[in-house]
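**Q** Sharing query14.pdb below, PDB, C-alpha atoms:
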MODEL        1
ATOM      1  CA  MET A   1       0.000   0.000   0.000  1.00  0.00           C
ATOM      2  CA  THR A   2       1.374   3.402  -0.978  1.00  0.00           C
ATOM      3  CA  LEU A   3       0.455   6.343   1.177  1.00  0.00           C
ATOM      4  CA  ALA A   4      -1.416   9.081  -0.600  1.00  0.00           C
ATOM      5  CA  GLY A   5      -2.251  12.501   0.712  1.00  0.00           C
ATOM      6  CA  HIS A   6      -0.514  15.782   1.339  1.00  0.00           C
ATOM      7  CA  ARG A   7       3.074  15.265   2.457  1.00  0.00           C
ATOM      8  CA  THR A   8       5.229  17.555   4.544  1.00  0.00           C
ATOM      9  CA  HIS A   9       8.564  17.102   6.244  1.00  0.00           C
ATOM     10  CA  THR A  10      11.049  18.651   8.617  1.00  0.00           C
ATOM     11  CA  VAL A  11      14.598  17.798   9.650  1.00  0.00           C
ATOM     12  CA  VAL A  12      15.562  17.706  13.324  1.00  0.00           C
ATOM     13  CA  ASP A  13      18.913  17.213  14.967  1.00  0.00           C
ATOM     14  CA  SER A  14      19.399  14.212  17.218  1.00  0.00           C
ATOM     15  CA  PRO A  15      22.246  12.459  18.996  1.00  0.00           C
ATOM     16  CA  VAL A  16      22.355   9.949  16.116  1.00  0.00           C
ATOM     17  CA  GLY A  17      22.450  12.655  13.449  1.00  0.00           C
ATOM     18  CA  PRO A  18      19.804  14.542  11.491  1.00  0.00           C
ATOM     19  CA  LEU A  19      16.395  12.864  11.320  1.00  0.00           C
ATOM     20  CA  THR A  20      13.932  13.604   8.527  1.00  0.00           C
ATOM     21  CA  LEU A  21      10.342  13.408   9.742  1.00  0.00           C
ATOM     22  CA  VAL A  22       7.653  12.929   7.092  1.00  0.00           C
ATOM     23  CA  ALA A  23       3.906  13.344   7.543  1.00  0.00           C
ATOM     24  CA  ALA A  24       1.023  12.284   5.293  1.00  0.00           C
ATOM     25  CA  ASP A  25      -2.022  14.463   5.885  1.00  0.00           C
ATOM     26  CA  GLY A  26      -0.503  15.616   9.193  1.00  0.00           C
ATOM     27  CA  THR A  27       0.204  12.114  10.577  1.00  0.00           C
ATOM     28  CA  LEU A  28       3.714  10.734  11.049  1.00  0.00           C
ATOM     29  CA  ALA A  29       4.553   8.421   8.134  1.00  0.00           C
ATOM     30  CA  GLY A  30       8.352   8.407   8.154  1.00  0.00           C
ATOM     31  CA  LEU A  31      11.468   8.953  10.234  1.00  0.00           C
ATOM     32  CA  TYR A  32      14.646   8.589   8.211  1.00  0.00           C
ATOM     33  CA  MET A  33      18.320   8.916   9.029  1.00  0.00           C
ATOM     34  CA  ARG A  34      20.655  10.712   6.667  1.00  0.00           C
ATOM     35  CA  ARG A  35      22.327   7.656   5.129  1.00  0.00           C
ATOM     36  CA  GLN A  36      19.577   5.159   5.744  1.00  0.00           C
ATOM     37  CA  ARG A  37      19.209   2.178   3.501  1.00  0.00           C
ATOM     38  CA  HIS A  38      15.746   2.196   1.857  1.00  0.00           C
ATOM     39  CA  ARG A  39      15.437   5.949   2.409  1.00  0.00           C
ATOM     40  CA  PRO A  40      12.890   7.281  -0.101  1.00  0.00           C
ATOM     41  CA  PRO A  41      13.955  10.012  -2.510  1.00  0.00           C
ATOM     42  CA  GLU A  42      13.878  13.523  -1.011  1.00  0.00           C
ATOM     43  CA  GLU A  43      11.316  14.684  -3.558  1.00  0.00           C
ATOM     44  CA  THR A  44       8.740  12.314  -2.033  1.00  0.00           C
ATOM     45  CA  PHE A  45       8.938  14.015   1.389  1.00  0.00           C
ATOM     46  CA  GLY A  46       6.775  16.983   0.417  1.00  0.00           C
ATOM     47  CA  GLU A  47       7.203  20.598   1.345  1.00  0.00           C
ATOM     48  CA  PRO A  48       9.076  21.686   4.472  1.00  0.00           C
ATOM     49  CA  ASP A  49       6.717  22.391   7.372  1.00  0.00           C
ATOM     50  CA  PRO A  50       7.557  21.788  11.049  1.00  0.00           C
ATOM     51  CA  GLU A  51       3.907  22.259  12.140  1.00  0.00           C
ATOM     52  CA  PRO A  52       2.753  18.584  12.173  1.00  0.00           C
ATOM     53  CA  PHE A  53       5.794  17.421  14.121  1.00  0.00           C
ATOM     54  CA  THR A  54       5.658  19.296  17.440  1.00  0.00           C
ATOM     55  CA  GLU A  55       4.641  16.244  19.504  1.00  0.00           C
ATOM     56  CA  VAL A  56       7.011  13.940  17.593  1.00  0.00           C
ATOM     57  CA  VAL A  57       9.947  16.251  18.316  1.00  0.00           C
ATOM     58  CA  GLU A  58       8.985  16.539  21.997  1.00  0.00           C
ATOM     59  CA  GLN A  59       8.782  12.755  22.387  1.00  0.00           C
ATOM     60  CA  LEU A  60      12.055  12.195  20.517  1.00  0.00           C
ATOM     61  CA  ARG A  61      13.747  14.731  22.797  1.00  0.00           C
ATOM     62  CA  ALA A  62      12.348  12.950  25.878  1.00  0.00           C
ATOM     63  CA  TYR A  63      13.522   9.583  24.496  1.00  0.00           C
ATOM     64  CA  PHE A  64      17.043  10.841  23.864  1.00  0.00           C
ATOM     65  CA  ASP A  65      17.073  12.499  27.305  1.00  0.00           C
ATOM     66  CA  GLY A  66      16.249   9.104  28.858  1.00  0.00           C
ATOM     67  CA  ARG A  67      12.807  10.252  30.072  1.00  0.00           C
ATOM     68  CA  LEU A  68      10.630   8.291  27.613  1.00  0.00           C
ATOM     69  CA  THR A  69      10.605   4.547  26.999  1.00  0.00           C
ATOM     70  CA  ALA A  70       7.507   4.187  24.810  1.00  0.00           C
ATOM     71  CA  PHE A  71       6.241   6.531  22.117  1.00  0.00           C
ATOM     72  CA  GLU A  72       2.555   7.462  22.040  1.00  0.00           C
ATOM     73  CA  LEU A  73       2.068   8.970  18.606  1.00  0.00           C
ATOM     74  CA  PRO A  74      -0.421   8.554  15.791  1.00  0.00           C
ATOM     75  CA  MET A  75       1.294   6.947  12.809  1.00  0.00           C
ATOM     76  CA  VAL A  76       0.324   5.782   9.363  1.00  0.00           C
ATOM     77  CA  PHE A  77       2.128   3.026   7.487  1.00  0.00           C
ATOM     78  CA  GLY A  78       2.347   2.229   3.798  1.00  0.00           C
ATOM     79  CA  GLY A  79       3.783  -1.132   2.783  1.00  0.00           C
ATOM     80  CA  THR A  80       2.217  -4.541   2.365  1.00  0.00           C
ATOM     81  CA  ALA A  81      -0.136  -6.139   4.872  1.00  0.00           C
ATOM     82  CA  PHE A  82       2.724  -8.408   5.999  1.00  0.00           C
ATOM     83  CA  GLN A  83       5.110  -5.467   6.479  1.00  0.00           C
ATOM     84  CA  ARG A  84       2.516  -3.578   8.501  1.00  0.00           C
ATOM     85  CA  ARG A  85       2.034  -6.620  10.775  1.00  0.00           C
ATOM     86  CA  VAL A  86       5.784  -6.760  11.381  1.00  0.00           C
ATOM     87  CA  TRP A  87       6.002  -3.010  12.039  1.00  0.00           C
ATOM     88  CA  GLU A  88       3.105  -3.157  14.495  1.00  0.00           C
ATOM     89  CA  ALA A  89       4.756  -6.104  16.284  1.00  0.00           C
ATOM     90  CA  LEU A  90       7.987  -4.104  16.615  1.00  0.00           C
ATOM     91  CA  ARG A  91       6.105  -1.630  18.792  1.00  0.00           C
ATOM     92  CA  ASP A  92       5.536  -4.398  21.374  1.00  0.00           C
ATOM     93  CA  ILE A  93       9.253  -4.993  21.985  1.00  0.00           C
ATOM     94  CA  PRO A  94       9.988  -3.463  25.396  1.00  0.00           C
ATOM     95  CA  TYR A  95      12.501  -0.638  25.769  1.00  0.00           C
ATOM     96  CA  GLY A  96      15.992  -1.954  26.482  1.00  0.00           C
ATOM     97  CA  GLU A  97      15.208  -5.490  25.300  1.00  0.00           C
ATOM     98  CA  THR A  98      15.890  -7.370  22.095  1.00  0.00           C
ATOM     99  CA  ILE A  99      14.162 -10.131  20.188  1.00  0.00           C
ATOM    100  CA  THR A 100      15.343 -12.354  17.364  1.00  0.00           C
ATOM    101  CA  TYR A 101      13.881 -12.285  13.871  1.00  0.00           C
ATOM    102  CA  GLY A 102      12.669 -15.852  14.444  1.00  0.00           C
ATOM    103  CA  ARG A 103      10.896 -14.952  17.669  1.00  0.00           C
ATOM    104  CA  LEU A 104       9.285 -11.952  15.998  1.00  0.00           C
ATOM    105  CA  ALA A 105       8.094 -14.247  13.196  1.00  0.00           C
ATOM    106  CA  ASP A 106       6.546 -16.497  15.876  1.00  0.00           C
ATOM    107  CA  ARG A 107       4.809 -13.506  17.465  1.00  0.00           C
ATOM    108  CA  ILE A 108       3.071 -12.588  14.230  1.00  0.00           C
ATOM    109  CA  GLY A 109       1.995 -16.191  13.632  1.00  0.00           C
ATOM    110  CA  GLN A 110       4.471 -16.883  10.815  1.00  0.00           C
ATOM    111  CA  PRO A 111       7.098 -19.103  12.496  1.00  0.00           C
ATOM    112  CA  THR A 112       8.869 -19.966   9.230  1.00  0.00           C
ATOM    113  CA  ALA A 113       9.088 -16.368   8.020  1.00  0.00           C
ATOM    114  CA  ALA A 114      12.175 -15.121   9.888  1.00  0.00           C
ATOM    115  CA  ARG A 115      13.864 -13.989   6.659  1.00  0.00           C
ATOM    116  CA  ALA A 116      10.740 -12.172   5.456  1.00  0.00           C
ATOM    117  CA  VAL A 117      10.454 -10.545   8.883  1.00  0.00           C
ATOM    118  CA  GLY A 118      14.059  -9.378   8.496  1.00  0.00           C
ATOM    119  CA  LEU A 119      13.316  -7.857   5.104  1.00  0.00           C
ATOM    120  CA  ALA A 120      10.216  -6.084   6.430  1.00  0.00           C
ATOM    121  CA  ASN A 121      12.168  -4.903   9.467  1.00  0.00           C
ATOM    122  CA  GLY A 122      14.776  -3.378   7.165  1.00  0.00           C
ATOM    123  CA  LYS A 123      12.095  -1.377   5.361  1.00  0.00           C
ATOM    124  CA  ASN A 124      10.530   0.058   8.523  1.00  0.00           C
ATOM    125  CA  PRO A 125       9.628   3.627   7.555  1.00  0.00           C
ATOM    126  CA  ILE A 126       9.546   5.027  11.102  1.00  0.00           C
ATOM    127  CA  GLY A 127      12.890   4.131  12.657  1.00  0.00           C
ATOM    128  CA  ILE A 128      13.611   4.607  16.380  1.00  0.00           C
ATOM    129  CA  ILE A 129       9.929   5.270  17.201  1.00  0.00           C
ATOM    130  CA  VAL A 130       9.040   1.863  15.719  1.00  0.00           C
ATOM    131  CA  PRO A 131      12.047   0.138  17.289  1.00  0.00           C
ATOM    132  CA  CYS A 132      13.471  -2.063  14.558  1.00  0.00           C
ATOM    133  CA  HIS A 133      16.882  -1.592  16.228  1.00  0.00           C
ATOM    134  CA  ARG A 134      15.716  -4.028  18.943  1.00  0.00           C
ATOM    135  CA  VAL A 135      15.734  -7.027  16.579  1.00  0.00           C
ATOM    136  CA  VAL A 136      18.864  -9.195  16.497  1.00  0.00           C
ATOM    137  CA  GLY A 137      20.102 -12.347  14.827  1.00  0.00           C
ATOM    138  CA  SER A 138      19.364 -15.849  16.108  1.00  0.00           C
ATOM    139  CA  THR A 139      22.574 -15.907  18.182  1.00  0.00           C
ATOM    140  CA  GLY A 140      21.975 -12.443  19.623  1.00  0.00           C
ATOM    141  CA  ASP A 141      24.450 -10.830  17.233  1.00  0.00           C
ATOM    142  CA  LEU A 142      23.705  -7.461  15.742  1.00  0.00           C
ATOM    143  CA  THR A 143      22.626  -7.828  12.166  1.00  0.00           C
ATOM    144  CA  GLY A 144      21.614  -5.267   9.552  1.00  0.00           C
ATOM    145  CA  TYR A 145      20.174  -1.904  10.467  1.00  0.00           C
ATOM    146  CA  GLY A 146      19.085   0.744   7.991  1.00  0.00           C
ATOM    147  CA  GLY A 147      20.890   3.430   9.989  1.00  0.00           C
ATOM    148  CA  GLY A 148      24.091   1.368  10.254  1.00  0.00           C
ATOM    149  CA  LEU A 149      25.265  -1.149  12.838  1.00  0.00           C
ATOM    150  CA  ALA A 150      27.152   1.485  14.860  1.00  0.00           C
ATOM    151  CA  THR A 151      23.917   3.433  15.319  1.00  0.00           C
ATOM    152  CA  LYS A 152      22.039   0.248  16.228  1.00  0.00           C
ATOM    153  CA  ARG A 153      24.676  -0.542  18.874  1.00  0.00           C
ATOM    154  CA  ARG A 154      24.498   3.021  20.260  1.00  0.00           C
ATOM    155  CA  LEU A 155      20.703   2.887  20.541  1.00  0.00           C
ATOM    156  CA  LEU A 156      20.720  -0.530  22.219  1.00  0.00           C
ATOM    157  CA  ASP A 157      23.512   0.422  24.632  1.00  0.00           C
ATOM    158  CA  PHE A 158      21.735   3.676  25.437  1.00  0.00           C
ATOM    159  CA  GLU A 159      18.482   1.858  26.186  1.00  0.00           C
ATOM    160  CA  ARG A 160      20.238  -0.714  28.326  1.00  0.00           C
ATOM    161  CA  GLY A 161      21.955   2.032  30.299  1.00  0.00           C
ATOM    162  CA  VAL A 162      25.458   0.817  29.539  1.00  0.00           C
ATOM    163  CA  ALA A 163      28.044   3.087  31.149  1.00  0.00           C
ATOM    164  CA  GLY A 164      29.386   5.599  28.682  1.00  0.00           C
ATOM    165  CA  ALA A 165      26.511   5.035  26.248  1.00  0.00           C
ATOM    166  CA  CYS A 166      25.245   8.585  26.392  1.00  0.00           C
ATOM    167  CA  LEU A 167      24.064   9.554  22.935  1.00  0.00           C
ATOM    168  CA  PHE A 168      25.063  13.197  23.309  1.00  0.00           C
TER     169      PHE A 168
ENDMDL
END
Rewrite the structure of this file - the entire thing - as structure tokens.
**A**
Amino acid sequence: MTLAGHRTHTVVDSPVGPLTLVAADGTLAGLYMRRQRHRPPEETFGEPDPEPFTEVVEQLRAYFDGRLTAFELPMVFGGTAFQRRVWEALRDIPYGETITYGRLADRIGQPTAARAVGLANGKNPIGIIVPCHRVVGSTGDLTGYGGGLATKRRLLDFERGVAGACLF
């Protein structure tokens, strides 16, 4: 499913670099890092307008300050029905914890779909807020992340409260 509607965007600074926030008809539809794999072309982001993103920016700031562990924001997803199921399931992974692709496949009722779950995870359009960084390989190793493995490690260490993991 492709999202239609009026698109706007803004760019905000964060401890992991600039984040591009995209809205479709005023609802968050994307959060992209600068060099993110599967980042849509800039021309699809719409006109610059910070207006729809006030609450998103406030919650991101609280997250990066260590004051927020779960985002409460309206969001809209494009993608296939399967991708949307995976992205919704990502939101149930608790802050500071990880899950394997296989376990996530089990949670959505597709126990043999770990690879497909990984592909959907990699195309998550709302990084950080929909915590695809919390999914790891079957042995617990860090595997692909659209924002890069170093960023994935920083986010996980930050959430786990590892000494020296401050994102600032």
**Q** Once the PyMOL selection byres ((chain A and resi 115) around 12) is applied to the coordinates I shared, what remains selected? I want it as a list in words.
**A**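 Checked against the file, the PyMOL selection byres ((chain A and resi 115) around 12) matches Val86, Thr100, Tyr101, Gly102, Arg103, Leu104, Ala105, Gln110, Pro111, Thr112, Ala113, Ala114, Ala116, Val117, Gly118, Leu119, Ala120, Asn121, Gly122, Gly137 and Ser138 of chain A.
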**Q** Quick one: of A:Thr143, A:Thr69, A:Thr80, A:Thr54, who's nearest to A:Val130, counting only C-alpha atoms?
**A**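 Selected residue with least distance to A:Val130: A:Thr69.
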**Q** Given only C-alpha atoms as the basis, pick out the residue of A:Val11, A:Ala29, A:Val16, A:Ile126 nearest to A:Thr151.
**A**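 Among the listed residues, A:Val16 lies closest to A:Thr151.
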**Q** Determine the nearest neighbour of A:Val57 from the options A:Gln83, A:Met75, A:Asp13, A:Leu149, counting only C-alpha atoms.
**A** A:Asp13
**Q** Restricting the calculation to only C-alpha atoms: of A:His6, A:Leu19, A:Ser14, A:Asp25, which residue gets closest to A:Arg39?
**A**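 That would be A:Leu19, the residue with the smallest distance to A:Arg39.
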**Q** Measuring between all atoms listed in the file, which one of A:Gly146, A:Gly109, A:Pro15, A:Gly161 shows the shortest distance to A:Leu60?
**A** A:Pro15
**Q** For the interface of stretch 120-150 of chain A with stretch 61-68 of chain A (cut-off 12 Å, counting all atoms listed in the file), please tabulate each contacting residue of stretch 120-150 of chain A alongside its nearest pair of atoms and their separation in Å to one decimal, rows sorted by chain and increasing number, as a Markdown table.
**A**
| residue | atom | partner | partner_atom | distance |
| --- | --- | --- | --- | --- |
| A:Ile128 | CA | A:Tyr63 | CA | 9.5 |
| A:Ile129 | CA | A:Tyr63 | CA | 9.2 |
| A:Pro131 | CA | A:Tyr63 | CA | 12.0 |
**Q** Between atom CA of A:Thr8 and atom CA of A:Pro50, what is the spacing in Å?
**A**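 Atom CA of A:Thr8 lies 8.1 Å from atom CA of A:Pro50.
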**Q** Measure the distance from atom CA of A:Tyr145 to atom CA of A:His133 in Å and round it to one decimal.
**A** 6.6 Å
**Q** Separation of atom CA of A:Gly147 and atom CA of A:Pro18, in Å?
**A**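 Value for the atom CA of A:Gly147-atom CA of A:Pro18 distance: 11.3 Å.
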**Q** Determine, counting only C-alpha atoms, which protein, DNA and RNA residues have an atom within 10 Å of an atom of A:Pro52; residues of the same chain fewer than 2 positions away are not included. Present the result as a PDB file with C-alpha atoms, keeping the file's coordinate frame.
**A**
ATOM      1  CA  THR A   8       5.229  17.555   4.544  1.00  0.00           C
ATOM      2  CA  HIS A   9       8.564  17.102   6.244  1.00  0.00           C
ATOM      3  CA  THR A  10      11.049  18.651   8.617  1.00  0.00           C
ATOM      4  CA  LEU A  21      10.342  13.408   9.742  1.00  0.00           C
ATOM      5  CA  VAL A  22       7.653  12.929   7.092  1.00  0.00           C
ATOM      6  CA  ALA A  23       3.906  13.344   7.543  1.00  0.00           C
ATOM      7  CA  ALA A  24       1.023  12.284   5.293  1.00  0.00           C
ATOM      8  CA  ASP A  25      -2.022  14.463   5.885  1.00  0.00           C
ATOM      9  CA  GLY A  26      -0.503  15.616   9.193  1.00  0.00           C
ATOM     10  CA  THR A  27       0.204  12.114  10.577  1.00  0.00           C
ATOM     11  CA  LEU A  28       3.714  10.734  11.049  1.00  0.00           C
ATOM     12  CA  ASP A  49       6.717  22.391   7.372  1.00  0.00           C
ATOM     13  CA  PRO A  50       7.557  21.788  11.049  1.00  0.00           C
ATOM     14  CA  THR A  54       5.658  19.296  17.440  1.00  0.00           C
ATOM     15  CA  GLU A  55       4.641  16.244  19.504  1.00  0.00           C
ATOM     16  CA  VAL A  56       7.011  13.940  17.593  1.00  0.00           C
ATOM     17  CA  VAL A  57       9.947  16.251  18.316  1.00  0.00           C
TER      18      VAL A  57
END
**Q** Counting all atoms listed in the file, write as a compact mmCIF listing (two decimals) with C-alpha atoms, in the coordinates of the input all protein and nucleic acid residues lying at most 9 Å from (6.0, 0.1, 2.1) in the file's frame.
**A**
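The resulting selection_34.txt:
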# COMPACT_ATOMS: atom_id res chain seq x y z
CA MET A 1 0.00 0.00 0.00
CA THR A 2 1.37 3.40 -0.98
CA LEU A 3 0.46 6.34 1.18
CA PHE A 77 2.13 3.03 7.49
CA GLY A 78 2.35 2.23 3.80
CA GLY A 79 3.78 -1.13 2.78
CA THR A 80 2.22 -4.54 2.37
CA GLN A 83 5.11 -5.47 6.48
CA ARG A 84 2.52 -3.58 8.50
CA ALA A 120 10.22 -6.08 6.43
CA LYS A 123 12.10 -1.38 5.36
CA ASN A 124 10.53 0.06 8.52
CA PRO A 125 9.63 3.63 7.56
**Q** Which of these, A:Phe158, A:Gly144, A:Pro40, A:Glu72, has the shortest distance to A:Gln59 once you count only C-alpha atoms?
**A**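 The shortest atom-to-atom distance to A:Gln59 comes from A:Glu72.
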**Q** Find the residues around A:Arg134 up to 10 Å (all atoms listed in the file counted), leave out those fewer than 3 positions away in its own chain, and share them as a count of residues only.
**A** 21
